[in-house]
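S.K.: Mind having a look at this structure? Questions to follow.
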Amino acid sequence: GNSSTTNTAFPQVVDPILTDSDTVVFGDMVGTFQIAAGGNFSMALKNSNKVYTWGSNVRGQLGRATATQPEEITPKVVIGDYSYIGAGGETAYAANTNSPSEFVAWGSNLCGTYGNGTTGGSGVPLTMSGIQYTINISAGPDFLLIAKDNNDGNKIYAWGCNQDGELGVGLVGDRYIPLEISGHTNPKSISAGYDFSCVITGGDDRIYCSGYYPHAYLGANSVNFRDLPTLVTHSF
């Protein structure tokens with residue numbers, strides 16, 4: 001995002017020097033209040049509620065209809081009037097809680113990560129009908145967790161690739177539409193890992209995780225996977 005493709009082992013300021021109306025000007029990334037990093041691209045949400053993207057665009061994950069390059073090294077506005085963002089492996093997401101509330105996705109749609117029952121991708125943001133009032137997004141490489149503000153409390157939904165139970169819905173196998181993770185209303189935090197996911201529950205601040213267990217990622221005794229959220233325990 002600094003108009004360079006040079007690797008570095010130290011953090012660099014995202015300060016591209018550009019002046020066209022659709023691209024940030026020098027220092028214009030000041031005021032960013034959310035960031036999301038995908039497998040090979042980045043997203044930023046500024047306090048103007050505009051969504052910026054940069055990086056690889058091989059699956060259309062930058063959301064730029066006119067992009068012709070396999071990568072873009074400078075942040076550029078994709079959409080505006082959004083409150084939450086998320087970045088998967090090669091998929092981007094954004095949501096707002098306006099009226100009407102919207103949830104949009106673009107890029108790769110592997111395993112149905114758009115949540116609309118399809119697997120075809122798009123190089124521009126598409127509105128996903130039925131996914132509204134999203135207040136948190138956490139994306140794994142090819143699956144997604146969201147928290148929705150329902151009338152009876154905030155609830156967690158998941159969809160996408162699910163070979164190891166990472167969705168936590170009690171089933172194994174890919175899911176192309178959102179399924180509720182039952183039993184965990186009003187979560188404090190949700191987080192999607194590589195092939196597992198975790199939630200901090202409201203009220204008792206406990207951690208529950210589901211998915212693959214190759215190196216005890218989930219903090220519970222198991223040798224394979226759990227397809228339902230399992231309480232993480234510890235000993236001192």
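Chain identifiers are assigned as A, B, and so on, following the order in which chains appear in the structure tokens; residues are numbered from 1 within each chain, and ligands are numbered from 1 in order of appearance.
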If we count only C-alpha atoms, what is near Ala44 (chain A) at a cut-off of 9 Å, once residues fewer than 6 positions away on the same chain are taken out, given as a list in words?

M.R.: Met29, Thr32, Phe33, Gln34, Ile35, Ala36, Ala37, Lys50, Val51, Tyr52, Thr53, Pro75 and Ile85 of chain A

S.K.: Go through region 72-118 of chain A and collect every residue that DSSP, computed from the backbone, puts in strand (DSSP E or B); the answer should be as a list in words.

M.R.: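 Residues meeting the strand (DSSP E or B) criterion: Glu72, Ile73, Thr74, Pro75, Lys76, Val77, Val78, Ile79, Tyr84, Ile85, Gly86, Ala87, Thr91, Ala92, Tyr93, Ala94, Ala95, Phe103, Val104, Ala105, Trp106 and Gly107 of chain A.
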
S.K.: Using only C-alpha atoms, which protein or nucleic acid residues come within 10 Å of region 186-190 of chain A? Drop anything in the same chain fewer than 2 positions from it, and give the result as a PyMOL selection string.

M.R.: chain A and resi 136-139+145-150+152-156+183-184+192+197-209

S.K.: As an exercise, work out the distance from CA of Asn49 (chain A) to CA of Ala105 (chain A) in Å and give it to one decimal place.

M.R.: 16.3 Å
